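*Asks:* I am sharing structure31.txt, which consists of compact mmCIF, C-alpha atoms:
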```
# COMPACT_ATOMS: atom_id res chain seq x y z
CA MET A 1118 0.00 0.00 0.00
CA ALA A 1119 1.22 3.49 -0.84
CA PRO A 1120 -0.56 6.14 1.28
CA LEU A 1121 -0.29 9.86 0.50
CA SER A 1122 -0.40 12.81 2.86
CA THR A 1123 -3.78 13.67 1.30
CA GLY A 1124 -5.21 10.52 2.89
CA GLU A 1125 -5.42 8.61 -0.39
CA LYS A 1126 -4.20 5.03 -0.43
CA PHE A 1127 -3.12 3.09 -3.50
CA GLU A 1128 -3.35 -0.68 -3.34
CA GLY A 1129 -0.95 -2.84 -5.30
CA PRO A 1130 -2.10 -5.68 -7.56
CA LYS A 1131 -0.17 -8.31 -5.54
CA ALA A 1132 0.58 -10.17 -8.76
CA LEU A 1133 2.85 -12.76 -7.14
CA ARG A 1134 0.40 -13.48 -4.35
CA THR A 1135 -2.49 -13.84 -6.82
CA LEU A 1136 -0.66 -16.12 -9.24
CA LEU A 1137 1.38 -18.04 -6.66
CA PRO A 1138 -0.79 -21.22 -6.79
CA ARG A 1139 -0.33 -21.44 -10.55
CA LEU A 1140 3.37 -20.65 -10.22
CA ARG A 1141 3.83 -23.50 -7.76
CA ARG A 1142 1.88 -25.87 -9.97
CA LEU A 1143 3.99 -25.09 -13.02
CA SER A 1144 7.20 -25.36 -10.98
CA ARG A 1145 6.20 -28.82 -9.75
CA SER A 1146 5.27 -29.85 -13.28
CA LEU A 1147 8.66 -28.71 -14.57
CA SER A 1148 10.53 -30.62 -11.87
CA ARG A 1149 8.81 -33.86 -12.94
CA LYS A 1150 9.80 -33.58 -16.59
CA VAL A 1151 12.75 -35.53 -17.94
CA LYS A 1152 15.78 -33.31 -18.50
CA GLY A 1153 16.41 -32.66 -22.18
CA SER A 1154 12.90 -33.70 -23.20
CA ARG A 1155 10.57 -31.66 -25.37
CA ASN A 1156 7.93 -31.64 -22.63
CA ARG A 1157 10.44 -30.15 -20.20
CA ALA A 1158 11.26 -27.38 -22.68
CA LYS A 1159 7.54 -26.60 -23.04
CA ALA A 1160 7.04 -26.56 -19.26
CA LYS A 1161 10.07 -24.30 -18.81
CA LEU A 1162 8.73 -21.86 -21.41
CA GLU A 1163 5.30 -21.79 -19.77
CA LEU A 1164 6.85 -21.07 -16.38
CA ALA A 1165 8.99 -18.29 -17.84
CA ARG A 1166 5.92 -16.71 -19.42
CA LEU A 1167 4.14 -16.70 -16.07
CA HIS A 1168 7.11 -15.03 -14.39
CA ALA A 1169 7.10 -12.40 -17.16
CA ARG A 1170 3.37 -11.86 -16.68
CA ILE A 1171 3.83 -11.30 -12.95
CA GLY A 1172 6.58 -8.77 -13.63
CA ASN A 1173 4.52 -6.97 -16.27
CA ILE A 1174 1.49 -6.66 -13.96
CA ARG A 1175 3.69 -5.21 -11.23
CA ARG A 1176 5.45 -2.73 -13.53
CA ASP A 1177 2.19 -1.59 -15.12
CA SER A 1178 0.67 -0.89 -11.70
CA LEU A 1179 3.78 1.02 -10.60
CA HIS A 1180 3.75 3.06 -13.80
CA GLN A 1181 0.14 4.04 -13.21
CA LEU A 1182 0.89 5.06 -9.63
CA SER A 1183 4.11 6.95 -10.38
CA THR A 1184 2.51 8.78 -13.33
CA ASN A 1185 -0.48 9.77 -11.19
CA ILE A 1186 1.76 11.15 -8.43
CA THR A 1187 4.29 12.99 -10.60
CA ARG A 1188 1.59 14.65 -12.68
CA ARG A 1189 -0.23 15.94 -9.62
CA PHE A 1190 2.60 16.94 -7.29
CA ARG A 1191 5.74 19.01 -7.83
CA THR A 1192 7.58 17.82 -4.73
CA ILE A 1193 7.46 14.17 -3.70
CA GLY A 1194 8.79 12.78 -0.45
CA ILE A 1195 9.70 9.15 0.05
CA GLU A 1196 11.72 7.08 2.52
CA ASP A 1197 15.07 5.42 1.97
CA LEU A 1198 13.90 1.96 3.00
CA ASN A 1199 16.26 -0.81 4.07
CA VAL A 1200 14.69 -3.33 1.71
CA LYS A 1201 17.48 -5.87 2.21
CA GLY A 1202 16.88 -5.82 5.95
CA MET A 1203 13.13 -6.05 5.47
CA LEU A 1204 13.58 -9.13 3.30
CA ALA A 1205 15.28 -10.85 6.24
CA ASN A 1206 11.84 -11.05 7.88
CA GLY A 1207 10.64 -14.45 6.70
CA ARG A 1208 6.99 -13.58 7.32
CA LEU A 1209 7.08 -10.50 5.10
CA ALA A 1210 9.80 -11.29 2.56
CA ARG A 1211 7.50 -12.54 -0.20
CA ALA A 1212 5.04 -9.67 0.22
CA ILE A 1213 7.86 -7.11 0.21
CA SER A 1214 9.37 -8.65 -2.91
CA ASP A 1215 5.99 -8.32 -4.58
CA MET A 1216 5.91 -4.56 -3.98
CA GLY A 1217 8.73 -3.35 -6.20
CA PHE A 1218 9.95 -0.59 -3.85
CA TYR A 1219 13.09 0.15 -5.85
CA GLU A 1220 11.20 0.28 -9.14
CA LEU A 1221 8.65 2.73 -7.73
CA ARG A 1222 11.42 5.00 -6.46
CA ARG A 1223 13.22 4.83 -9.82
CA GLN A 1224 10.06 5.72 -11.73
CA LEU A 1225 9.20 8.58 -9.39
CA GLU A 1226 12.68 10.09 -9.76
CA TYR A 1227 12.86 10.13 -13.54
CA LYS A 1228 9.21 11.06 -14.09
CA ALA A 1229 9.45 13.89 -11.57
CA ALA A 1230 12.51 15.14 -13.46
CA TRP A 1231 10.52 15.07 -16.71
CA CYS A 1232 7.81 17.19 -15.09
CA GLY A 1233 10.28 19.67 -13.59
CA GLY A 1234 9.70 18.42 -10.06
CA GLN A 1235 11.89 16.71 -7.49
CA VAL A 1236 11.98 13.69 -5.23
CA VAL A 1237 13.09 14.26 -1.64
CA VAL A 1238 14.36 11.15 0.14
CA ALA A 1239 14.08 11.03 3.93
CA GLY A 1240 16.98 9.40 5.75
CA ARG A 1241 16.72 5.69 6.54
CA TRP A 1242 16.48 6.33 10.27
CA TYR A 1243 13.94 9.15 10.10
CA PRO A 1244 11.09 8.08 12.46
CA SER A 1245 8.23 9.07 10.17
CA SER A 1246 5.75 6.68 11.80
CA LYS A 1247 6.67 7.58 15.38
CA LEU A 1248 6.44 11.38 15.04
CA CYS A 1249 3.19 13.20 15.67
CA SER A 1250 2.60 15.20 12.50
CA SER A 1251 0.66 17.77 14.53
CA CYS A 1252 2.98 18.65 17.43
CA GLY A 1253 6.20 16.74 16.71
CA TYR A 1254 6.03 14.43 19.75
CA ARG A 1255 8.08 11.26 19.23
CA LEU A 1256 7.06 7.84 20.48
CA GLU A 1257 9.79 5.68 21.96
CA ALA A 1258 8.46 2.55 20.27
CA LEU A 1259 5.76 1.68 17.74
CA SER A 1260 5.37 -1.93 16.63
CA LEU A 1261 4.32 -2.75 13.08
CA ALA A 1262 1.10 -4.29 14.39
CA ILE A 1263 -0.13 -0.90 15.67
CA ARG A 1264 -1.90 0.87 12.83
CA TYR A 1265 -3.59 3.64 14.83
CA TRP A 1266 -2.29 5.66 17.77
CA ALA A 1267 -3.06 8.85 19.68
CA CYS A 1268 -0.39 11.40 20.56
CA PRO A 1269 0.19 11.46 24.36
CA ASP A 1270 1.13 15.15 24.14
CA CYS A 1271 -1.55 16.81 22.00
CA GLY A 1272 -4.12 14.00 21.83
CA MET A 1273 -4.23 13.94 18.03
CA ALA A 1274 -5.43 10.58 16.64
CA HIS A 1275 -3.28 9.19 13.85
CA GLU A 1276 -3.58 6.52 11.20
CA ARG A 1277 -0.02 5.22 11.11
CA ASP A 1278 0.75 5.40 7.40
CA VAL A 1279 -1.04 8.68 6.69
CA ASN A 1280 0.70 10.30 9.66
CA ALA A 1281 4.05 9.11 8.28
CA ALA A 1282 3.20 10.49 4.84
CA ILE A 1283 2.39 13.90 6.36
CA ASN A 1284 5.75 13.89 8.16
CA LEU A 1285 7.45 13.14 4.84
CA LYS A 1286 5.53 16.07 3.37
CA HIS A 1287 6.95 18.35 6.08
CA ILE A 1288 10.48 17.22 5.25
CA ALA A 1289 9.99 17.67 1.51
CA VAL A 1290 8.50 21.12 1.91
CA SER A 1291 11.34 22.25 4.16
CA SER A 1292 13.94 20.82 1.77
CA THR A 1293 12.64 23.00 -1.05
CA VAL A 1294 13.64 26.01 1.07
CA THR A 1295 16.89 24.61 2.47
CA ALA A 1296 18.93 22.45 0.11
CA CYS A 1297 20.49 19.26 1.41
CA GLY A 1298 23.79 20.01 3.11
CA GLY A 1299 23.07 23.72 3.40
CA GLU A 1300 22.60 25.73 6.54
CA GLY A 1301 19.72 24.37 8.56
CA ALA A 1302 19.32 21.29 6.39
CA GLY A 1303 17.05 18.57 7.76
CA PRO A 1304 17.23 14.75 7.59
CA ALA A 1305 16.54 14.57 3.86
CA CYS A 1306 18.31 15.02 0.54
CA GLU A 1307 17.02 16.12 -2.84
CA ARG A 1308 17.32 13.51 -5.55
CA GLY A 1309 17.05 15.97 -8.42
CA THR A 1310 14.02 15.07 -9.94
CA LYS A 1311 1.81 21.19 -4.35
CA PRO A 1312 3.80 18.77 -1.93
CA ALA A 1313 2.02 15.49 -1.20
CA LEU A 1314 4.20 12.69 -0.11
CA VAL A 1315 4.37 8.97 -0.35
CA LYS A 1316 4.87 6.73 2.64
CA GLN A 1317 5.86 3.23 1.55
CA GLU A 1318 5.38 0.73 4.31
CA SER A 1319 4.74 -2.97 4.48
CA SER A 1320 2.50 -4.92 6.81
CA SER A 1321 1.36 -8.52 7.01
CA LYS A 1322 -2.00 -7.53 5.52
CA VAL A 1323 -1.51 -4.85 2.92
CA ASN A 1324 1.65 -3.98 1.05
CA TYR A 1325 2.68 -1.83 -1.87
CA GLY A 1326 5.71 -0.05 -3.06
```
Let's see the structure in the file written out as structure tokens.
*Replies:*
Amino acid sequence: MAPLSTGEKFEGPKALRTLLPRLRRLSRSLSRKVKGSRNRAKAKLELARLHARIGNIRRDSLHQLSTNITRRFRTIGIEDLNVKGMLANGRLARAISDMGFYELRRQLEYKAAWCGGQVVVAGRWYPSSKLCSSCGYRLEALSLAIRYWACPDCGMAHERDVNAAINLKHIAVSSTVTACGGEGAGPACERGTKPALVKQESSSKVNYG
């Protein structure tokens, strides 16, 4: 899922998850074929076509999302996610792989550049989910299972991902005034590419990148 600071949420097609039963069936069928046989070659080609279809569905969805965002917004804020570390979580690895985080970031950067905009990347350790977007209060801990929380300081109720997206918006807006590395620079860098920002986060239920 890719939530924006506007409150909009874009769901991914989950191509791998949808076609996984068929993928497993074709993989088992291929493993049973005699090596070097014509039937094995046919099974291998069919499996390759399914892998290509999964990739095409994912890329098409990401293109639609990235085009929508870059056409609407001049400044786009995203997070520098530790995808490799996230993949180490066995429960989420397949879902994360199905998101295409890197591809979404790549598309946003070059499409934003085409439109004369820019992509602002928040640092990997920026606590976008833990910060109250209203008063700036920071939680000490926030587990992935908690999707809603209320700020202990100002009492503002937050939906986790939308709150994070608003915090990314704040960083992106401030970075347009103060360039990365300049005086007063915040925890973000411009990647040269109406501020509404994308928070990319994975959960066991809904994922998108």
*Asks:* Ranking A:Thr1187, A:Leu1225, A:His1287, A:Val1236 by minimum distance to Ser1251 of chain A and counting only C-alpha atoms, which one comes first?
*Replies:*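 When distances to Ser1251 of chain A are compared using only C-alpha atoms, the smallest one comes from A:His1287.
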*Asks:* Mind giving me the straight-line distance from atom CA of Glu1220 of chain A to atom CA of Arg1176 of chain A in Å, one decimal?
*Replies:* 7.8 Å
*Asks:* Please report the interatomic distance between atom CA of Tyr1265 of chain A and atom CA of Ala1119 of chain A in Å with one decimal.
*Replies:*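 Calculated distance between atom CA of Tyr1265 of chain A and atom CA of Ala1119 of chain A is 16.4 Å.
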*Asks:* Determine the nearest neighbour of Thr1184 of chain A from the options A:Cys1232, A:Ser1146, A:Leu1198, A:Lys1152, counting only C-alpha atoms.
*Replies:*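 Looking at the shortest contact to Thr1184 of chain A, the residue is A:Cys1232.
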*Asks:* Mind pulling up the distance from atom CA of Lys1126 of chain A to atom CA of Gly1253 of chain A?
*Replies:* 23.2 Å
*Asks:* Counting only C-alpha atoms, which residue out of A:Val1238, A:Ile1283, A:Cys1249, A:Ile1174 sits closest to Asp1197 of chain A?
*Replies:*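 Between A:Val1238, A:Ile1283, A:Cys1249, A:Ile1174, the residue approaching Asp1197 of chain A most closely is A:Val1238.
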*Asks:* Taking 3 positions as the minimum chain separation for residues in the same chain, which residues sit within 10 Å of Gly1124 of chain A when counting all atoms listed in the file? Answer as a PDB file with C-alpha atoms, in the coordinates of the input.
*Replies:*
```pdb
ATOM      1  CA  PRO A1120      -0.560   6.140   1.280  1.00  0.00           C
ATOM      2  CA  LEU A1121      -0.290   9.860   0.500  1.00  0.00           C
ATOM      3  CA  GLU A1276      -3.580   6.520  11.200  1.00  0.00           C
ATOM      4  CA  ASP A1278       0.750   5.400   7.400  1.00  0.00           C
ATOM      5  CA  VAL A1279      -1.040   8.680   6.690  1.00  0.00           C
ATOM      6  CA  ASN A1280       0.700  10.300   9.660  1.00  0.00           C
ATOM      7  CA  ALA A1282       3.200  10.490   4.840  1.00  0.00           C
ATOM      8  CA  ILE A1283       2.390  13.900   6.360  1.00  0.00           C
ATOM      9  CA  ALA A1313       2.020  15.490  -1.200  1.00  0.00           C
TER      10      ALA A1313
END
```
*Asks:* Quick one: residues within 10 Å of (10.4, 7.4, -9.6) (file frame), counting only C-alpha atoms, please, as an mmCIF file with C-alpha atoms, keeping the file's coordinate frame.
*Replies:*
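Okay, selection.cif is ready:
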```cif
data_model
loop_
_atom_site.group_PDB
_atom_site.id
_atom_site.type_symbol
_atom_site.label_atom_id
_atom_site.label_comp_id
_atom_site.auth_asym_id
_atom_site.auth_seq_id
_atom_site.Cartn_x
_atom_site.Cartn_y
_atom_site.Cartn_z
ATOM 1 C CA LEU A 1179 3.780 1.020 -10.600
ATOM 2 C CA HIS A 1180 3.750 3.060 -13.800
ATOM 3 C CA LEU A 1182 0.890 5.060 -9.630
ATOM 4 C CA SER A 1183 4.110 6.950 -10.380
ATOM 5 C CA THR A 1184 2.510 8.780 -13.330
ATOM 6 C CA ILE A 1186 1.760 11.150 -8.430
ATOM 7 C CA THR A 1187 4.290 12.990 -10.600
ATOM 8 C CA ILE A 1193 7.460 14.170 -3.700
ATOM 9 C CA ILE A 1195 9.700 9.150 0.050
ATOM 10 C CA PHE A 1218 9.950 -0.590 -3.850
ATOM 11 C CA TYR A 1219 13.090 0.150 -5.850
ATOM 12 C CA GLU A 1220 11.200 0.280 -9.140
ATOM 13 C CA LEU A 1221 8.650 2.730 -7.730
ATOM 14 C CA ARG A 1222 11.420 5.000 -6.460
ATOM 15 C CA ARG A 1223 13.220 4.830 -9.820
ATOM 16 C CA GLN A 1224 10.060 5.720 -11.730
ATOM 17 C CA LEU A 1225 9.200 8.580 -9.390
ATOM 18 C CA GLU A 1226 12.680 10.090 -9.760
ATOM 19 C CA TYR A 1227 12.860 10.130 -13.540
ATOM 20 C CA LYS A 1228 9.210 11.060 -14.090
ATOM 21 C CA ALA A 1229 9.450 13.890 -11.570
ATOM 22 C CA ALA A 1230 12.510 15.140 -13.460
ATOM 23 C CA GLN A 1235 11.890 16.710 -7.490
ATOM 24 C CA VAL A 1236 11.980 13.690 -5.230
ATOM 25 C CA THR A 1310 14.020 15.070 -9.940
#
```
*Asks:* Closest to Ala1289 of chain A among A:Ile1213, A:Val1151, A:Arg1255, A:Ser1122, using only C-alpha atoms?
*Replies:*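 The answer is A:Ser1122, which sits nearest to Ala1289 of chain A.
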*Asks:* For a quick check of understanding, using all atoms listed in the file, which of A:Arg1139, A:Ser1154, A:Asn1185, A:Leu1259 has the smallest distance to Arg1166 of chain A?
*Replies:*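 For Arg1166 of chain A, the nearest of the candidates is A:Arg1139.
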*Asks:* Which residues are close to Ala1160 of chain A, i.e. within 10 Å by all atoms listed in the file, leaving aside same-chain residues fewer than 3 positions away? Reply as a count of residues only.
*Replies:* 15
*Asks:* Select, from A:Met1203, A:Ser1246, A:Gly1194, A:Gly1234, the residue with the minimum atom-to-atom distance to Leu1285 of chain A, counting all atoms listed in the file.
*Replies:* A:Gly1194
